[in-house]
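Q: Pasting a structure here, questions to come.
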Protein chains: 2
Amino acid sequence: MKNLKSKKLYFQVYDELRGYIVKNNLRPGDKLPTEMEMAALLGVSRNVLREAVKTLEIIGVVTSKSGVGMIVNSFNANFLSSCIFLNLIGDDVDLVMQSQEVRKVLEMGFARQSFDTITPEQLTELENILQKMLQTESVTNFYELDAEFHKILLRNIKNEVLIAFIDSAWACDKYYRSKFIDDDALRYKKHRQIFDALQMKDFEAFEKALAFHFSYNFKNAKDYYHTHSIQQKVFSEDEEVEVE
Amino acid sequence: MKNLKSKKLYFQVYDELRGYIVKNNLRPGDKLPTEMEMAALLGVSRNVLREAVKTLEIIGVVTSKSGVGMIVNSFNANFLSSCIFLNLIGDDVDLVMQSQEVRKVLEMGFARQSFDTITPEQLTELENILQKMLQTESVTNFYELDAEFHKILLRNIKNEVLIAFIDSAWACDKYYRSKFIDDDALRYKKHRQIFDALQMKDFEAFEKALAFHFSYNFKNAKDYYHTHSIQQKVFSEDEEVEVE
DNA sequence: AAATATTTGTCCGTATGTATC
DNA sequence: TGATACATACGGACAAATATT
């Protein structure tokens with residue numbers, strides 16, 4: 001007979017806390033019991049409890065304040081993107097292609113709503129981004145502009161889940177795709193086409209431009225990825241803590 | 001002047017660890033330094049280090065083993081779904097509708113691939129599920145069958161990101177939608193239509209059936225949700241630890 | 001096989017900073 | 001200005017699991 005218990009304490013506590021939040025239908029702003037109370041209730045040390053509760057905080061479910069307690073947050077998609085990005089570790093370029101595929105389906109599936117909800121002000125924003133795309137020569141800069149462009153397209157749809165998913169897909173791009181896909185001239189052209197279609201209020205052209213935008217060339221991407229992977233065993237030093 | 005430092009230690013450490021994994025291009029199976037080493041390197045106590053490292057373990061990035069150390073995992077979509085589910089807390093039924101919308105776009109966007117990759121064996125599986133749908137009277141059972149049905153449709157597409165996203169959307173359904181949407185007879189009919197279209201190898205009918213399947217009636221859902229929310233401040237007792 | 005070293009798992013105690021009343 | 005409640009952070013100690021010799 002297998003030992004069903006074996007599970008580590010902090011895992012159990014994490015599940016308990018999740019269950020507590022769900023079963024009590026806690027809403028944003030509600031408070032969790034104090035660390036001491038929870039530790040006592042669950043019969044574990046404060047250390048173990050903290051390992052579970054700090055996970056909840058880091059993934060964005062709650063926020064803790066010294067002298068106050070733990071407060072449940074409202075929906076926050078930020079973590080999701082960093083989460084999927086980390087989970088992509090080591091599974092090379094296949095997942096980037098997959099996430100691209102998903103992004104394509106999502107953006108095209110919401111094309112109608114995107115097209116219908118765009119405002120004149122946002123068209124101006126898009127045009128500004130196109131201008132900057134022509135000027136910049138930095139790859140990472142181009143990436144930021146690219147992401148901004150697409151987020152504007154989806155902004156008015158008011159679907160936070162969609163935004164969260166798209167962000168996840170972008171997180172992949174940021175670290176992988178930008179290295180080996182498309183030259184800047186082509187990328188600019190693709191976004192220009194999308195903008196033109198929007199400005200002319202031509203939905204079919206908009207759909208077509210979107211489809212073209214997502215037609216990447218993944219040839220040799222895998223080779224590129226493997227030959228350019230690096231090894232450097234250090235903890236980051238570029239992110240010094242600012243004290244004053 | 002604002003104090004830029006203020007960020008809590010365990011957040012900083014978490015970021016450092018993330019950075020370490022990414023910058024060193026760690027792959028599945030690779031080991032992290034020991035807790036003591038990492039704590040020393042980062043100049044923090046072992047407790048704080050563990051709060052960060054246990055987060056990585058709970059979200060599925062690494063696995064720890066007593067007497068061995070921390071090992072980097074391969075891609076694992078499991079956490080993503082539980083993560084987004086928890087993040088949905090308290091933002092009532094709007095997000096359920098949004099996630100439904102996203103699921104609809106995804107499943108319909110991949111309808112062609114789904115249709116093309118389905119095998120005769122899977123058709124048999126689908127038929128078995130339909131049979132069970134007729135027999136069961138439990139709501140949660142129906143939910144499981146429903147989820148299984150759709151996962152079979154997407155199984156051969158081989159897109160882990162898609163699966164992860166769909167799972168996230170399902171996680172919402174599990175706790176919310178099943179409470180107030182559709183009667184079982186209608187749900188059965190919808191899935192029957194999808195199955196029939198697949199069996200007749202009629203793609204247009206398949207698309208149409210999928211679209212119909214996703215046409216929910218959200219009227220009064222919000223009212224229902226609010227009147228049925230419960231309050232019961234207890235830690236779960238239904239999940240006793242099995243020891244032997 | 002057996003003893004030992006290594007590494008994680010769990011707990012305790014204590015001091016400090018911060019928000020609230 | 002306290003006084004109190006709470007989270008933050010550190011260090012030490014021992015148990016349990018695993019690897020090594």
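Residues in the structure tokens are numbered from 1 in each chain, the chains being A, B, ... in the order shown, and ligands are numbered from 1 in the order shown.
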Residues of chain B were defined as contacting chain D if any atom lay at most 10 Å from it, counting only C-alpha atoms (C1' of nucleotides); please report them as a PyMOL selection string.
A: chain B and resi 8-10+44-48+65-69
Q: Kindly export the residues of the current selection with C-alpha atoms, as a PDB file, in the first residue's frame.
A:
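Contents of result.pdb, freshly written:
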```pdb
ATOM      1  CA  LYS B   8      10.279  42.775   0.490  1.00  0.00           C
ATOM      2  CA  LEU B   9      13.197  40.414   0.631  1.00  0.00           C
ATOM      3  CA  TYR B  10      11.375  37.311  -0.463  1.00  0.00           C
ATOM      4  CA  VAL B  44      19.591  36.247   3.258  1.00  0.00           C
ATOM      5  CA  SER B  45      18.452  33.772   5.858  1.00  0.00           C
ATOM      6  CA  ARG B  46      17.481  30.276   4.880  1.00  0.00           C
ATOM      7  CA  ASN B  47      13.885  31.006   5.879  1.00  0.00           C
ATOM      8  CA  VAL B  48      13.494  33.872   3.444  1.00  0.00           C
ATOM      9  CA  LYS B  65      13.873  16.133  -2.780  1.00  0.00           C
ATOM     10  CA  SER B  66      15.188  15.563   0.685  1.00  0.00           C
ATOM     11  CA  GLY B  67      18.857  14.781   0.646  1.00  0.00           C
ATOM     12  CA  VAL B  68      19.144  15.668  -3.025  1.00  0.00           C
ATOM     13  CA  GLY B  69      18.233  19.235  -3.837  1.00  0.00           C
TER      14      GLY B  69
END
```
Q: Pull out every residue of chain C sitting within 7 Å of chain A, counting only C-alpha atoms (C1' of nucleotides), and send them as an MDAnalysis selection string.
A: chainID C and resid 11 18:19
Q: Using only C-alpha atoms, which of the listed residues (A:Ala185, A:Leu154, A:Val53, A:Met36) sits closest to chain B?
A: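 Checking each candidate against chain B, we get A:Val53 as the closest.
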Q: Please list as a PyMOL selection string every residue within 12 Å of Asn141 in chain B, counting only C-alpha atoms (C1' of nucleotides) and excluding residues in the same chain fewer than 5 positions away.
A: chain B and resi 129+132-136+146-148+174+178+184
Q: Would you save the residues of that selection, restricted to C-alpha atoms, as a short mmCIF file (atom, residue, chain, number, x, y, z; two decimals), in the first residue's frame?
A:
```cif
data_model
loop_
_atom_site.label_atom_id
_atom_site.label_comp_id
_atom_site.auth_asym_id
_atom_site.auth_seq_id
_atom_site.Cartn_x
_atom_site.Cartn_y
_atom_site.Cartn_z
CA ILE B 129 -18.99 9.81 -23.00
CA LYS B 132 -22.54 8.29 -19.73
CA MET B 133 -23.99 11.77 -20.02
CA LEU B 134 -27.41 10.19 -20.43
CA GLN B 135 -26.98 8.03 -17.37
CA THR B 136 -25.47 10.39 -14.84
CA ASP B 146 -18.08 17.60 -20.52
CA ALA B 147 -14.45 18.48 -19.92
CA GLU B 148 -13.30 15.06 -21.10
CA LYS B 174 -15.94 23.96 -12.73
CA SER B 178 -22.03 24.52 -13.81
CA ASP B 184 -28.53 18.55 -18.86
#
```
Q: Going by DSSP on the backbone, which residues of range 33-84 of chain B come out as strand (DSSP E or B)? List them as a PyMOL selection string.
A: chain B and resi 62-65+69-72
Q: Using only C-alpha atoms, can you tell me which of B:Leu126, B:Val96, B:Val62, B:Val72 comes closest to Ala169 in chain B?
A: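 Answer, going by the shortest atom-to-atom distance: B:Val96.
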